[in-house]
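**Q** Contents of model30.csv (CSV, C-alpha atoms and all ligand atoms) are given next:
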```
chain,number,residue,atom,x,y,z
A,61,MET,CA,-4.8,24.6,-13.8
A,62,THR,CA,-3.8,23.4,-17.3
A,63,VAL,CA,-4.8,19.9,-18.2
A,64,GLN,CA,-3.1,18.7,-21.4
A,65,LYS,CA,-4.1,16.0,-23.8
A,66,THR,CA,-2.5,12.6,-23.1
A,67,ILE,CA,-1.2,11.1,-26.4
A,68,GLN,CA,-1.9,7.5,-27.1
A,69,ILE,CA,0.1,4.4,-28.2
A,70,GLY,CA,0.8,4.6,-31.9
A,71,ASN,CA,2.0,8.2,-31.6
A,72,PRO,CA,5.7,8.0,-32.6
A,73,LYS,CA,6.7,10.4,-29.8
A,74,LEU,CA,6.0,7.6,-27.3
A,75,ARG,CA,8.8,5.6,-28.9
A,76,GLN,CA,11.5,8.3,-28.7
A,77,VAL,CA,14.1,9.0,-26.1
A,78,CYS,CA,13.6,12.3,-24.2
A,79,GLU,CA,16.2,14.9,-23.5
A,80,ASP,CA,17.5,16.3,-20.2
A,81,VAL,CA,16.3,19.7,-19.1
A,82,SER,CA,18.9,22.3,-18.2
A,83,PHE,CA,19.1,24.4,-15.1
A,84,PRO,CA,18.1,27.0,-14.1
A,85,LEU,CA,14.8,25.8,-15.5
A,86,SER,CA,12.9,28.0,-17.9
A,87,GLU,CA,9.5,29.3,-16.9
A,88,GLN,CA,8.2,26.8,-19.5
A,89,ASP,CA,9.9,23.9,-17.9
A,90,ILE,CA,8.6,24.8,-14.4
A,91,GLN,CA,5.1,25.2,-15.9
A,92,LEU,CA,5.5,21.7,-17.5
A,93,GLY,CA,5.8,20.1,-14.0
A,94,TYR,CA,2.6,21.8,-12.9
A,95,ASP,CA,0.8,20.8,-16.1
A,96,LEU,CA,1.8,17.2,-15.6
A,97,VAL,CA,0.4,17.2,-12.1
A,98,ASP,CA,-2.9,18.7,-13.3
A,99,THR,CA,-3.1,16.3,-16.2
A,100,MET,CA,-2.3,13.3,-13.9
A,101,ASP,CA,-4.9,14.3,-11.3
A,102,SER,CA,-7.6,15.0,-13.8
A,103,ALA,CA,-7.1,11.6,-15.5
A,104,GLY,CA,-7.0,9.8,-12.1
A,105,LEU,CA,-3.5,8.5,-12.7
A,106,VAL,CA,-0.6,8.0,-10.2
A,107,GLY,CA,2.1,9.1,-12.6
A,108,GLU,CA,2.6,11.0,-15.8
A,109,ALA,CA,5.7,11.6,-18.0
A,110,ALA,CA,6.2,14.8,-20.1
A,111,VAL,CA,6.3,12.7,-23.3
A,112,GLN,CA,2.7,11.7,-22.6
A,113,ILE,CA,1.6,15.3,-23.2
A,114,GLY,CA,3.9,15.5,-26.2
A,115,VAL,CA,6.9,17.2,-24.6
A,116,MET,CA,10.2,15.4,-25.2
A,117,LYS,CA,11.9,16.2,-21.9
A,118,ARG,CA,13.1,14.0,-19.1
A,119,VAL,CA,10.5,15.1,-16.6
A,120,PHE,CA,7.8,13.0,-14.8
A,121,VAL,CA,5.5,13.4,-11.8
A,122,MET,CA,4.2,10.7,-9.5
A,123,GLY,CA,1.8,10.8,-6.5
A,124,LEU,CA,-1.3,9.4,-5.1
A,125,GLU,CA,-4.5,11.3,-5.0
A,126,LYS,CA,-5.2,12.0,-1.3
A,127,GLU,CA,-8.6,10.4,-1.3
A,128,LYS,CA,-7.1,7.2,-2.7
A,129,LYS,CA,-4.4,7.0,-0.2
A,130,ASP,CA,-4.7,4.1,2.2
A,131,GLU,CA,-4.3,4.9,5.9
A,132,SER,CA,-2.0,2.0,6.3
A,133,ASP,CA,0.3,3.2,3.5
A,134,GLU,CA,3.7,3.6,5.0
A,135,ASN,CA,4.9,5.9,2.3
A,136,GLU,CA,5.0,9.5,3.5
A,137,PHE,CA,5.4,10.5,0.0
A,138,GLU,CA,2.5,12.2,-1.7
A,139,LEU,CA,3.7,14.1,-4.8
A,140,CYS,CA,7.0,14.4,-6.6
A,141,ILE,CA,7.9,16.4,-9.7
A,142,CYS,CA,11.2,14.9,-11.0
A,143,TYR,CA,13.5,16.6,-13.5
A,144,ASN,CA,16.3,14.6,-15.1
A,145,PRO,CA,15.6,11.4,-13.0
A,146,THR,CA,17.8,8.4,-13.1
A,147,ILE,CA,17.6,5.1,-11.2
A,148,THR,CA,21.0,4.6,-9.5
A,149,GLN,CA,20.2,1.2,-7.8
A,150,PHE,CA,17.8,-1.7,-8.4
A,151,SER,CA,17.1,-4.4,-5.9
A,152,ASP,CA,17.9,-8.0,-6.9
A,153,LYS,CA,14.5,-8.9,-5.7
A,154,LYS,CA,11.8,-8.6,-8.3
A,155,GLU,CA,8.0,-8.8,-8.1
A,156,PHE,CA,5.0,-8.9,-10.4
A,157,GLY,CA,2.5,-6.1,-10.2
A,158,ARG,CA,-0.4,-4.9,-12.3
A,159,GLU,CA,0.2,-1.8,-14.4
A,160,GLY,CA,-1.9,0.4,-16.6
A,161,CYS,CA,-0.9,3.5,-18.6
A,162,GLY,CA,-2.8,6.7,-19.5
A,163,SER,CA,-1.3,6.4,-23.0
A,164,ILE,CA,-2.6,2.9,-23.6
A,165,ALA,CA,-6.3,2.7,-24.2
A,166,TYR,CA,-6.6,5.8,-21.9
A,167,GLY,CA,-5.6,3.7,-18.9
A,168,LYS,CA,-8.2,1.1,-19.4
A,169,LEU,CA,-5.9,-1.8,-20.2
A,170,PHE,CA,-3.9,-3.5,-17.4
A,171,GLY,CA,-1.1,-6.1,-17.4
A,172,GLN,CA,1.2,-8.0,-15.1
A,173,VAL,CA,4.8,-6.6,-15.2
A,174,GLU,CA,7.8,-8.0,-13.3
A,175,ARG,CA,10.2,-5.3,-12.0
A,176,PRO,CA,12.8,-4.8,-9.3
A,177,LYS,CA,10.9,-4.4,-6.0
A,178,SER,CA,12.9,-1.4,-4.8
A,179,ILE,CA,15.1,1.3,-6.3
A,180,GLU,CA,17.1,4.3,-5.5
A,181,LEU,CA,16.0,7.3,-7.5
A,182,GLU,CA,18.1,10.4,-8.2
A,183,TYR,CA,16.3,13.5,-9.5
A,184,TYR,CA,16.3,17.3,-9.4
A,185,ASP,CA,13.5,19.5,-8.2
A,186,ARG,CA,12.4,22.7,-9.9
A,187,THR,CA,14.9,24.7,-8.0
A,188,GLY,CA,17.8,22.6,-9.2
A,189,GLN,CA,18.3,20.8,-5.9
A,190,LYS,CA,19.3,17.2,-6.2
A,191,HIS,CA,17.5,14.5,-4.3
A,192,VAL,CA,18.3,10.8,-3.8
A,193,LYS,CA,15.5,8.7,-2.4
A,194,LYS,CA,14.8,5.0,-2.0
A,195,PHE,CA,11.4,3.7,-3.0
A,196,ASP,CA,9.9,0.3,-2.4
A,197,GLY,CA,6.8,-1.3,-3.9
A,198,LEU,CA,4.2,0.9,-5.6
A,199,PHE,CA,6.4,4.0,-5.9
A,200,ALA,CA,9.4,2.0,-7.1
A,201,ARG,CA,7.1,0.6,-9.8
A,202,ILE,CA,5.7,4.0,-10.8
A,203,ALA,CA,9.2,5.5,-11.1
A,204,GLN,CA,10.4,2.7,-13.2
A,205,HIS,CA,7.3,2.9,-15.5
A,206,GLU,CA,7.7,6.7,-15.9
A,207,ILE,CA,11.5,6.5,-16.6
A,208,ASP,CA,10.7,3.8,-19.2
A,209,HIS,CA,8.5,6.5,-20.9
A,210,LEU,CA,11.5,8.8,-21.0
A,211,ASP,CA,13.3,6.1,-23.0
A,212,GLY,CA,10.5,5.2,-25.3
A,213,ILE,CA,9.5,2.0,-23.5
A,214,LEU,CA,5.9,1.1,-22.6
A,215,PHE,CA,4.8,-1.5,-20.0
A,216,LEU,CA,3.6,-3.8,-22.8
A,217,ASP,CA,7.2,-4.2,-23.8
A,218,ARG,CA,8.0,-5.5,-20.3
A,219,MET,CA,5.3,-8.2,-20.3
A,220,ASP,CA,6.4,-11.8,-20.8
A,221,ASP,CA,2.9,-13.2,-20.9
A,222,PRO,CA,0.4,-11.4,-23.1
A,223,THR,CA,-2.4,-13.6,-21.6
A,224,GLN,CA,-2.0,-11.5,-18.5
A,225,LEU,CA,-3.5,-8.4,-20.2
A,226,TYR,CA,-7.0,-7.3,-19.1
A,227,ASP,CA,-9.5,-4.6,-20.0
A,228,ILE,CA,-10.7,-2.7,-17.0
A,229,ASP,CA,-14.1,-4.4,-17.3
A,230,GLU,CA,-12.5,-7.8,-17.1
A,231,LEU,CA,-10.1,-7.4,-14.3
A,232,PRO,CA,-9.7,-10.2,-11.8
A,233,ARG,CA,-10.3,-8.7,-8.4
A,234,LYS,CA,-7.2,-7.4,-6.8
A,235,THR,CA,-6.4,-4.5,-4.5
A,236,ASP,CA,-3.5,-2.6,-6.1
A,237,ASP,CA,-4.9,-1.2,-9.3
A,238,HIS,CA,-3.0,1.9,-10.4
A,239,THR,CA,-2.6,3.5,-13.7
A,240,GLU,CA,0.5,5.4,-14.7
B,1,ZN,ZN,2.4,5.1,-18.7
```
When written as structure tokens, how does the structure in this file appear?
Ligand SMILES: [Zn+2]

**A**
Amino acid sequence: MTVQKTIQIGNPKLRQVCEDVSFPLSEQDIQLGYDLVDTMDSAGLVGEAAVQIGVMKRVFVMGLEKEKKDESDENEFELCICYNPTITQFSDKKEFGREGCGSIAYGKLFGQVERPKSIELEYYDRTGQKHVKKFDGLFARIAQHEIDHLDGILFLDRMDDPTQLYDIDELPRKTDDHTE
């Protein structure tokens, strides 16, 4: 298990565009995926992009910790390590949701962000196999947040209304609190 340091807003790396990995993956790139999972889990996050541990490659992970997973959650999905991900479809329907980020105040700042409700995500796994999956709701939001990271974009940039920004100690009660 290799937990890496999550870099914070103000670090110029978080504003740069990351580069595709090439296949077959190097040992280093395979390890990168596992390090991201370990780092995400240890910080209690639901997503983490490579740039957040200072690696400028188009790789992110997302998943819910099992103990956090709600029984009624219809997503079968638990953990995904995505190499060279792209979103190939966005729904016209958008919705607001609360987001936090491990690279902004160590995940202790949350804001309302409007994003397309569902997406189609194309990515490669560590063996180089291509996957195309549709996601709705939370996972669609996480994937969009993480892919933004790969392009140097933070959730703060997506907020229209800065009054809808809350420290974790001042959050209005709501059920879907997740930090990416
Ligand atoms: Zn983030």

**Q** When the cut-off is 9 Å and you count only C-alpha atoms and all ligand atoms, which residues lie near ligand ZN 1 (chain B), shown as a ChimeraX atom specification?

**A** /A:107-109,112,159-164,167,202,205-206,208-209,214-215,239-240

**Q** Could you check the closest approach to Asp220 of chain A for each of A:Val173, A:Ile207, A:Met100, A:Val81 and tell me which residue wins, using all atoms listed in the file?

**A**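 Once distances to Asp220 of chain A are computed over all atoms listed in the file, the minimum belongs to A:Val173.
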
**Q** Could you state the separation of atom CA of Leu198 of chain A and atom CA of Gly70 of chain A in Å, given to one decimal place?

**A** 26.8 Å

**Q** Mind giving me the straight-line distance from atom CA of Pro176 of chain A to atom CA of Asp229 of chain A in Å, one decimal?

**A** 28.1 Å

**Q** For Asp98 of chain A, which of A:Met122, A:Asn71, A:Gly114, A:Val63 is the closest residue, counting all atoms listed in the file?

**A**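 Residue with the minimum atom-to-atom distance to Asp98 of chain A: A:Val63.
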
**Q** Just give me the gap between atom CA of Asp217 of chain A and atom CA of Val119 of chain A in Å, one decimal is fine.

**A**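 Straight-line distance from atom CA of Asp217 of chain A to atom CA of Val119 of chain A works out to 20.9 Å.
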